[in-house]
>>> print(open('my_file-v4.pdb').read())   # PDB, C-alpha atoms and all ligand atoms
ATOM      1  CA  MET A   1      11.655 -16.145 -11.246
ATOM      2  CA  ARG A   2      10.025 -12.903 -10.160
ATOM      3  CA  LYS A   3       6.398 -13.091  -9.135
ATOM      4  CA  LEU A   4       3.874 -11.032  -7.199
ATOM      5  CA  THR A   5       1.041 -13.230  -5.903
ATOM      6  CA  TYR A   6      -2.148 -11.928  -4.308
ATOM      7  CA  LEU A   7      -3.215 -13.872  -1.213
ATOM      8  CA  GLY A   8      -6.517 -12.086  -0.603
ATOM      9  CA  HIS A   9      -7.322  -8.992   1.528
ATOM     10  CA  SER A  10      -4.034  -6.994   1.663
ATOM     11  CA  ALA A  11      -1.699  -9.981   1.687
ATOM     12  CA  PHE A  12       0.844 -10.478  -1.091
ATOM     13  CA  PHE A  13       3.812 -12.753  -1.670
ATOM     14  CA  ILE A  14       6.787 -11.610  -3.736
ATOM     15  CA  GLU A  15       9.168 -14.274  -4.966
ATOM     16  CA  LYS A  16      12.514 -13.378  -6.406
ATOM     17  CA  ASP A  17      14.985 -16.186  -7.029
ATOM     18  CA  TRP A  18      15.582 -17.700  -3.565
ATOM     19  CA  ASP A  19      13.815 -15.007  -1.599
ATOM     20  CA  GLY A  20      10.180 -14.977  -0.517
ATOM     21  CA  ILE A  21       8.750 -11.745   0.847
ATOM     22  CA  LEU A  22       5.379 -11.884   2.558
ATOM     23  CA  ILE A  23       3.381  -8.684   3.016
ATOM     24  CA  ASP A  24       0.574  -8.342   5.594
ATOM     25  CA  PRO A  25       0.112 -12.123   5.898
ATOM     26  CA  PHE A  26      -3.499 -12.403   7.061
ATOM     27  CA  ILE A  27      -4.017 -16.096   6.285
ATOM     28  CA  THR A  28      -5.891 -17.639   9.209
ATOM     29  CA  GLY A  29      -9.422 -16.230   9.211
ATOM     30  CA  ASN A  30      -9.065 -14.714   5.739
ATOM     31  CA  PRO A  31     -11.908 -16.310   3.772
ATOM     32  CA  SER A  32     -10.098 -16.070   0.419
ATOM     33  CA  ALA A  33      -6.585 -17.056   1.501
ATOM     34  CA  ASN A  34      -5.314 -20.454   0.453
ATOM     35  CA  PHE A  35      -1.628 -20.273   1.269
ATOM     36  CA  ASP A  36       0.350 -22.886   3.163
ATOM     37  CA  TYR A  37       3.350 -20.979   4.487
ATOM     38  CA  LYS A  38       4.937 -24.211   5.687
ATOM     39  CA  THR A  39       5.543 -25.266   2.079
ATOM     40  CA  LYS A  40       7.049 -21.935   0.957
ATOM     41  CA  ARG A  41      10.454 -20.423   1.341
ATOM     42  CA  ILE A  42       9.853 -17.232   3.299
ATOM     43  CA  THR A  43      12.808 -14.969   3.991
ATOM     44  CA  HIS A  44      11.175 -11.670   4.975
ATOM     45  CA  ILE A  45       7.787 -10.656   6.401
ATOM     46  CA  ILE A  46       6.756  -7.034   6.073
ATOM     47  CA  VAL A  47       3.787  -5.650   7.984
ATOM     48  CA  THR A  48       2.179  -2.240   7.412
ATOM     49  CA  HIS A  49       0.439  -1.919  10.793
ATOM     50  CA  ALA A  50      -0.739  -3.796  13.867
ATOM     51  CA  HIS A  51      -4.390  -4.490  12.972
ATOM     52  CA  LEU A  52      -4.972  -8.225  13.012
ATOM     53  CA  ASP A  53      -6.117  -8.382   9.379
ATOM     54  CA  HIS A  54      -2.581  -7.202   8.460
ATOM     55  CA  LEU A  55      -0.299  -8.570  11.202
ATOM     56  CA  GLY A  56      -2.224 -11.805  10.665
ATOM     57  CA  ASP A  57      -0.038 -14.898  11.001
ATOM     58  CA  ALA A  58       3.232 -12.942  10.892
ATOM     59  CA  ILE A  59       4.428 -14.021  14.347
ATOM     60  CA  ALA A  60       3.705 -17.728  13.758
ATOM     61  CA  ILE A  61       5.315 -17.586  10.305
ATOM     62  CA  SER A  62       8.412 -15.860  11.683
ATOM     63  CA  LYS A  63       8.760 -18.528  14.373
ATOM     64  CA  HIS A  64       8.340 -21.298  11.799
ATOM     65  CA  SER A  65      10.557 -19.901   9.049
ATOM     66  CA  GLY A  66      13.049 -17.817  11.016
ATOM     67  CA  ALA A  67      12.224 -14.871   8.722
ATOM     68  CA  PRO A  68      12.319 -11.475  10.419
ATOM     69  CA  ILE A  69       9.231  -9.293  10.604
ATOM     70  CA  ILE A  70      10.028  -5.814   9.338
ATOM     71  CA  ALA A  71       7.674  -3.251  10.817
ATOM     72  CA  VAL A  72       7.488   0.136  12.519
ATOM     73  CA  PHE A  73       9.496   0.160  15.754
ATOM     74  CA  GLU A  74       6.642  -0.253  18.286
ATOM     75  CA  LEU A  75       5.066  -3.112  16.337
ATOM     76  CA  ALA A  76       8.451  -4.779  15.780
ATOM     77  CA  ASN A  77       9.142  -4.690  19.530
ATOM     78  CA  TYR A  78       5.760  -6.299  20.188
ATOM     79  CA  CYS A  79       6.630  -9.095  17.719
ATOM     80  CA  ILE A  80       9.960  -9.654  19.521
ATOM     81  CA  GLU A  81       8.114  -9.862  22.859
ATOM     82  CA  LYS A  82       5.918 -12.546  21.321
ATOM     83  CA  GLY A  83       8.967 -14.595  20.348
ATOM     84  CA  ALA A  84       9.327 -13.601  16.676
ATOM     85  CA  LYS A  85      12.398 -12.172  14.982
ATOM     86  CA  ALA A  86      11.828  -8.553  13.995
ATOM     87  CA  ILE A  87      13.504  -5.458  12.618
ATOM     88  CA  GLY A  88      12.104  -2.125  13.771
ATOM     89  CA  VAL A  89      12.136   0.813  11.377
ATOM     90  CA  ASN A  90      10.148   4.002  11.068
ATOM     91  CA  ILE A  91       8.460   6.067   8.404
ATOM     92  CA  GLY A  92      11.042   7.297   5.893
ATOM     93  CA  GLY A  93      13.370   4.377   6.529
ATOM     94  CA  LYS A  94      14.632   2.229   3.683
ATOM     95  CA  LEU A  95      16.139  -1.224   3.978
ATOM     96  CA  LYS A  96      18.191  -3.004   1.320
ATOM     97  CA  PHE A  97      18.317  -6.736   0.760
ATOM     98  CA  ASN A  98      19.533  -9.199  -1.888
ATOM     99  CA  TRP A  99      16.174  -8.895  -3.621
ATOM    100  CA  GLY A 100      15.981  -5.102  -3.652
ATOM    101  CA  SER A 101      14.671  -2.618  -1.145
ATOM    102  CA  VAL A 102      11.635  -1.577   0.857
ATOM    103  CA  LYS A 103      10.953   1.941   2.033
ATOM    104  CA  PHE A 104       8.418   2.751   4.745
ATOM    105  CA  LEU A 105       6.195   5.663   3.740
ATOM    106  CA  PRO A 106       3.195   7.353   5.380
ATOM    107  CA  ALA A 107      -0.373   6.077   5.526
ATOM    108  CA  VAL A 108      -3.340   7.858   7.098
ATOM    109  CA  HIS A 109      -4.597   5.133   9.425
ATOM    110  CA  SER A 110      -4.246   3.804  12.988
ATOM    111  CA  SER A 111      -2.126   0.919  14.292
ATOM    112  CA  SER A 112      -3.079  -1.145  17.324
ATOM    113  CA  ASN A 113      -4.659  -4.451  18.312
ATOM    114  CA  PRO A 114      -6.350  -5.782  21.461
ATOM    115  CA  ASP A 115      -2.933  -6.798  22.789
ATOM    116  CA  LEU A 116      -1.014  -3.696  21.655
ATOM    117  CA  PRO A 117      -2.676  -0.354  22.454
ATOM    118  CA  TYR A 118      -0.163   1.635  20.378
ATOM    119  CA  GLY A 119       1.634   0.075  17.432
ATOM    120  CA  GLY A 120       3.390   3.240  16.237
ATOM    121  CA  LEU A 121       2.383   4.841  12.952
ATOM    122  CA  ALA A 122       0.693   2.909  10.156
ATOM    123  CA  ALA A 123       2.831   2.653   7.030
ATOM    124  CA  SER A 124       2.643   2.189   3.307
ATOM    125  CA  LEU A 125       5.485   0.416   1.502
ATOM    126  CA  LEU A 126       7.525   1.095  -1.586
ATOM    127  CA  PHE A 127       9.377  -1.910  -2.996
ATOM    128  CA  ASP A 128      12.074  -1.875  -5.598
ATOM    129  CA  ILE A 129      12.584  -5.394  -6.929
ATOM    130  CA  ASP A 130      15.452  -5.194  -9.410
ATOM    131  CA  GLY A 131      14.124  -1.954 -10.835
ATOM    132  CA  THR A 132      10.417  -2.899 -10.731
ATOM    133  CA  THR A 133       8.654  -0.575  -8.309
ATOM    134  CA  ILE A 134       5.660  -1.797  -6.337
ATOM    135  CA  TYR A 135       3.765   0.516  -4.002
ATOM    136  CA  HIS A 136       1.618  -1.204  -1.326
ATOM    137  CA  ALA A 137      -0.546   1.515   0.201
ATOM    138  CA  GLY A 138      -1.400  -0.449   3.370
ATOM    139  CA  ASP A 139      -4.631   0.805   4.888
ATOM    140  CA  THR A 140      -5.015   4.496   4.200
ATOM    141  CA  ALA A 141      -7.336   7.320   3.334
ATOM    142  CA  LEU A 142      -6.733   9.400   0.240
ATOM    143  CA  MET A 143      -3.756  11.602   1.131
ATOM    144  CA  PRO A 144      -1.689  14.310  -0.568
ATOM    145  CA  ASP A 145       1.448  12.185  -0.109
ATOM    146  CA  PHE A 146       0.355  10.125  -3.117
ATOM    147  CA  SER A 147       1.374  13.044  -5.363
ATOM    148  CA  LEU A 148       4.853  13.158  -3.887
ATOM    149  CA  ILE A 149       5.214   9.373  -4.051
ATOM    150  CA  GLY A 150       4.095   9.454  -7.694
ATOM    151  CA  GLU A 151       6.464  12.267  -8.558
ATOM    152  CA  LEU A 152       9.498  10.806  -6.771
ATOM    153  CA  TYR A 153       9.101   7.073  -7.313
ATOM    154  CA  ASN A 154       6.656   6.640 -10.186
ATOM    155  CA  PRO A 155       5.545   3.153  -9.035
ATOM    156  CA  TYR A 156       4.810   0.667 -11.810
ATOM    157  CA  TYR A 157       2.363  -1.324  -9.697
ATOM    158  CA  ALA A 158       0.113   0.328  -7.111
ATOM    159  CA  LEU A 159      -1.658  -1.982  -4.672
ATOM    160  CA  LEU A 160      -4.532   0.129  -3.370
ATOM    161  CA  PRO A 161      -7.288  -0.479  -0.821
ATOM    162  CA  VAL A 162     -10.719   0.113  -2.374
ATOM    163  CA  GLY A 163     -13.226  -1.281   0.135
ATOM    164  CA  GLY A 164     -14.084   1.969   1.929
ATOM    165  CA  TYR A 165     -15.252   1.997   5.567
ATOM    166  CA  TYR A 166     -11.776   1.355   7.062
ATOM    167  CA  THR A 167      -9.806   2.825   4.147
ATOM    168  CA  MET A 168     -10.379   4.906   1.034
ATOM    169  CA  ASP A 169     -13.127   3.706  -1.270
ATOM    170  CA  MET A 170     -12.811   3.078  -5.004
ATOM    171  CA  ASN A 171     -13.570   6.700  -5.956
ATOM    172  CA  ASP A 172     -10.719   7.917  -3.779
ATOM    173  CA  ALA A 173      -8.528   5.019  -4.909
ATOM    174  CA  ALA A 174      -9.023   6.053  -8.557
ATOM    175  CA  ILE A 175      -7.806   9.556  -7.642
ATOM    176  CA  ALA A 176      -4.866   7.987  -5.777
ATOM    177  CA  ALA A 177      -3.987   5.884  -8.839
ATOM    178  CA  LYS A 178      -3.841   9.040 -10.923
ATOM    179  CA  MET A 179      -1.706  10.885  -8.342
ATOM    180  CA  LEU A 180       0.711   7.929  -8.232
ATOM    181  CA  TYR A 181       1.021   7.721 -12.043
ATOM    182  CA  ALA A 182       0.815   3.935 -11.624
ATOM    183  CA  MET A 183       0.934   1.827 -14.779
ATOM    184  CA  GLU A 184      -1.029  -1.056 -13.272
ATOM    185  CA  VAL A 185      -3.281  -1.010 -10.225
ATOM    186  CA  ILE A 186      -4.087  -4.078  -8.154
ATOM    187  CA  PRO A 187      -7.067  -3.480  -5.840
ATOM    188  CA  MET A 188      -7.034  -4.921  -2.316
ATOM    189  CA  HIS A 189      -8.860  -4.747   1.024
ATOM    190  CA  TYR A 190     -12.319  -5.448  -0.396
ATOM    191  CA  ASN A 191     -14.960  -8.209  -0.229
ATOM    192  CA  THR A 192     -13.293  -9.854   2.790
ATOM    193  CA  PHE A 193     -15.982  -8.620   5.200
ATOM    194  CA  PRO A 194     -19.612  -7.517   4.582
ATOM    195  CA  ASN A 195     -18.852  -3.809   5.191
ATOM    196  CA  ILE A 196     -16.142  -3.685   2.503
ATOM    197  CA  LYS A 197     -18.104  -5.421  -0.260
ATOM    198  CA  VAL A 198     -17.769  -3.705  -3.634
ATOM    199  CA  ASP A 199     -18.471  -4.353  -7.305
ATOM    200  CA  ILE A 200     -14.855  -4.394  -8.456
ATOM    201  CA  GLN A 201     -15.804  -4.128 -12.143
ATOM    202  CA  LYS A 202     -16.785  -0.492 -11.435
ATOM    203  CA  PHE A 203     -13.220   0.213 -10.331
ATOM    204  CA  VAL A 204     -11.826  -1.504 -13.421
ATOM    205  CA  ASP A 205     -14.065   0.730 -15.574
ATOM    206  CA  MET A 206     -13.113   3.896 -13.670
ATOM    207  CA  LEU A 207      -9.420   3.232 -14.171
ATOM    208  CA  GLU A 208      -9.891   2.354 -17.807
ATOM    209  CA  ALA A 209     -11.720   5.665 -18.321
ATOM    210  CA  GLN A 210      -8.669   7.508 -16.971
ATOM    211  CA  GLY A 211      -6.254   5.440 -19.074
ATOM    212  CA  GLN A 212      -4.937   3.147 -16.355
ATOM    213  CA  LYS A 213      -4.891  -0.607 -16.187
ATOM    214  CA  CYS A 214      -6.562  -2.410 -13.301
ATOM    215  CA  LEU A 215      -5.791  -6.037 -12.433
ATOM    216  CA  PRO A 216      -8.371  -7.377  -9.973
ATOM    217  CA  LEU A 217      -6.443 -10.511  -9.014
ATOM    218  CA  LYS A 218      -8.197 -13.387  -7.316
ATOM    219  CA  ALA A 219      -6.444 -15.050  -4.401
ATOM    220  CA  ASN A 220      -3.394 -17.026  -5.605
ATOM    221  CA  GLU A 221      -3.331 -15.255  -8.969
ATOM    222  CA  TYR A 222      -0.032 -13.590  -9.759
ATOM    223  CA  VAL A 223       1.772 -11.271 -12.116
ATOM    224  CA  GLU A 224       5.309 -11.843 -13.322
ATOM    225  CA  LEU A 225       7.521  -8.934 -12.435
TER
HETATM  226 ZN    ZN A 301      -6.092  -1.427   9.418
END
>>> encode(input="my_file-v4.pdb", output="structure tokens")
Amino acid sequence: MRKLTYLGHSAFFIEKDWDGILIDPFITGNPSANFDYKTKRITHIIVTHAHLDHLGDAIAISKHSGAPIIAVFELANYCIEKGAKAIGVNIGGKLKFNWGSVKFLPAVHSSSNPDLPYGGLAASLLFDIDGTTIYHAGDTALMPDFSLIGELYNPYYALLPVGGYYTMDMNDAAIAAKMLYAMEVIPMHYNTFPNIKVDIQKFVDMLEAQGQKCLPLKANEYVEL
């Protein structure tokens, strides 16, 4: 079984055989999330940056499941201080597991929370799950790195923030999708809060006009990898 499930906001759950990989698990306080981590097998938790709508429940889930949090060094150390298991990496680093690999790539964004004034750099993530590439852009502005990421890794799925205000908006995300040469784009980081409300059909139409497929998943909807 290989599945990529959207959990709302920027949270995703990848399942591959016996492994369960949670990304940016903002569950508590996320109006669209309906995910009971206590009933799932979670083996790895990967967090793009320290903002609470991304770090989310990671520490509690790590304590419950024993799964390590994989994050940029400063954020990983903070998670360890809070009693979680964590692995600290930095931008450019790639880790290999039974299920494939994750590489930490740049994002143009900040990384802190009220309890952690500096969480290191914000990251985006490139997954390789048995040859299926998934790029999770984290929170970011439109950046030239998308061209390089597209050229080098040619991600099949691109998970892109489209809500604007804190990240790129859908116009910039459509340009990003083109730069990444993604086959299928899953929009994220929209409609969770009033200032990131969008009409997602417009993004679907924009991508269709440039020959790319957009999958606006609802929370708990998934694609088979
Ligand atoms: Zn953020």
>>> residues_near_ligand(input="my_file-v4.pdb", ligand="ligand ZN 301 (chain A)", cutoff="8 Å", atoms="all atoms listed in the file", output="PyMOL selection string")
chain A and resi 49-54+109-111+138-140+166-167
>>> resolve_selection(input="my_file-v4.pdb", expression="the PyMOL selection byres (((chain A and resi 85) around 8) and not hetatm)", output="number ranges by chain")
A: 62-63, 66-69, 79-80, 83-84, 86-87
>>> resolve_selection(input="my_file-v4.pdb", expression="the PyMOL selection byres (((chain A and resi 152) around 12) and not hetatm)", output="list in words")
Leu126, Thr133, Asp145, Phe146, Ser147, Leu148, Ile149, Gly150, Glu151, Tyr153, Asn154, Pro155, Met179, Leu180 and Tyr181 of chain A
>>> axis_aligned_box(input="my_file-v4.pdb", around="stretch 119-137 of chain A", padding_each_side="4 Å", output="lines of an AutoDock Vina configuration file")
center_x = 7.5
center_y = -0.3
center_z = 3.3
size_x = 24.0
size_y = 18.2
size_z = 36.3
>>> resolve_selection(input="my_file-v4.pdb", expression="the PyMOL selection byres (((chain A and resi 19) around 9) and not hetatm)", output="VMD selection string")
chain A and resid 14 to 18 20 to 21 41 to 44 98 to 99
>>> closest_residue(input="my_file-v4.pdb", among="A:Leu217, A:Ile61, A:Val47, A:Met1", to="A:Thr28", atoms="all atoms listed in the file")
A:Ile61
>>> closest_residue(input="my_file-v4.pdb", among="A:Leu207, A:Val162, A:Ala174, A:Leu75", to="A:Pro187", atoms="all atoms listed in the file")
A:Val162
>>> closest_residue(input="my_file-v4.pdb", among="A:Lys213, A:Ala182, A:Tyr135, A:Thr192", to="A:Ala33", atoms="all atoms listed in the file")
A:Thr192
>>> atom_distance(input="my_file-v4.pdb", atom1="atom CA of A:Val185", atom2="atom CA of A:Pro216")
8.2 Å
>>> closest_residue(input="my_file-v4.pdb", among="A:Asn191, A:Thr132, A:Gln212, A:Asn113", to="A:Glu224", atoms="all atoms listed in the file")
A:Thr132
>>> residues_around(input="my_file-v4.pdb", residues="A:Phe193", least_positions_apart="5", cutoff="10 Å", atoms="only C-alpha atoms", output="ChimeraX atom specification")
/A:9,30-31,163
>>> atom_distance(input="my_file-v4.pdb", atom1="atom CA of A:Ala11", atom2="atom CA of A:Met188")
8.4 Å
>>> atom_distance(input="my_file-v4.pdb", atom1="atom CA of A:Glu81", atom2="atom CA of A:Leu125")
23.8 Å
>>> closest_residue(input="my_file-v4.pdb", among="A:Ser112, A:Ser65, A:Ser124, A:Thr5", to="A:Phe35", atoms="all atoms listed in the file")
A:Thr5
>>> decode(input="my_file-v4.pdb", residues="stretch 90-108 of chain A", atoms="N, CA, C and O atoms", output="compact mmCIF listing (two decimals), in the first residue's frame")
# COMPACT_ATOMS: atom_id res chain seq x y z
N ASN A 90 20.07 19.76 8.14
CA ASN A 90 20.02 21.14 7.65
C ASN A 90 19.77 21.13 6.15
O ASN A 90 19.74 20.07 5.51
N ILE A 91 19.57 22.32 5.61
CA ILE A 91 19.20 22.44 4.21
C ILE A 91 20.28 21.79 3.34
O ILE A 91 21.47 22.05 3.53
N GLY A 92 19.86 20.95 2.40
CA GLY A 92 20.80 20.21 1.56
C GLY A 92 20.98 18.78 2.02
O GLY A 92 21.46 17.95 1.25
N GLY A 93 20.58 18.50 3.26
CA GLY A 93 20.77 17.16 3.81
C GLY A 93 19.70 16.19 3.32
O GLY A 93 18.54 16.58 3.13
N LYS A 94 20.13 14.95 3.12
CA LYS A 94 19.20 13.91 2.65
C LYS A 94 19.31 12.71 3.58
O LYS A 94 20.41 12.28 3.91
N LEU A 95 18.17 12.20 3.99
CA LEU A 95 18.15 11.03 4.86
C LEU A 95 17.46 9.87 4.15
O LEU A 95 16.45 10.07 3.47
N LYS A 96 18.01 8.66 4.34
CA LYS A 96 17.43 7.48 3.71
C LYS A 96 16.80 6.57 4.75
O LYS A 96 17.36 6.40 5.84
N PHE A 97 15.66 6.02 4.39
CA PHE A 97 14.94 5.11 5.27
C PHE A 97 14.47 3.90 4.47
O PHE A 97 14.66 3.85 3.26
N ASN A 98 13.80 2.97 5.16
CA ASN A 98 13.22 1.80 4.46
C ASN A 98 12.28 2.23 3.34
O ASN A 98 12.17 1.57 2.32
N TRP A 99 11.55 3.31 3.60
CA TRP A 99 10.49 3.74 2.67
C TRP A 99 10.99 4.62 1.54
O TRP A 99 10.23 4.95 0.64
N GLY A 100 12.24 5.04 1.60
CA GLY A 100 12.75 5.95 0.57
C GLY A 100 13.60 7.03 1.22
O GLY A 100 14.30 6.76 2.19
N SER A 101 13.51 8.24 0.70
CA SER A 101 14.37 9.28 1.25
C SER A 101 13.63 10.61 1.33
O SER A 101 12.61 10.82 0.66
N VAL A 102 14.19 11.50 2.16
CA VAL A 102 13.71 12.88 2.21
C VAL A 102 14.92 13.80 2.17
O VAL A 102 15.91 13.55 2.85
N LYS A 103 14.83 14.81 1.34
CA LYS A 103 15.91 15.78 1.24
C LYS A 103 15.37 17.14 1.66
O LYS A 103 14.28 17.54 1.21
N PHE A 104 16.11 17.84 2.51
CA PHE A 104 15.71 19.18 2.94
C PHE A 104 16.24 20.21 1.95
O PHE A 104 17.44 20.26 1.68
N LEU A 105 15.33 21.00 1.42
CA LEU A 105 15.68 22.00 0.40
C LEU A 105 15.24 23.38 0.90
O LEU A 105 14.49 23.50 1.87
N PRO A 106 15.66 24.44 0.21
CA PRO A 106 15.32 25.79 0.70
C PRO A 106 13.83 26.13 0.63
O PRO A 106 13.07 25.53 -0.13
N ALA A 107 13.45 27.10 1.44
CA ALA A 107 12.14 27.76 1.34
C ALA A 107 12.40 29.21 1.73
O ALA A 107 13.28 29.47 2.56
N VAL A 108 11.68 30.14 1.14
CA VAL A 108 11.84 31.54 1.54
C VAL A 108 10.75 31.85 2.54
O VAL A 108 9.59 32.12 2.18
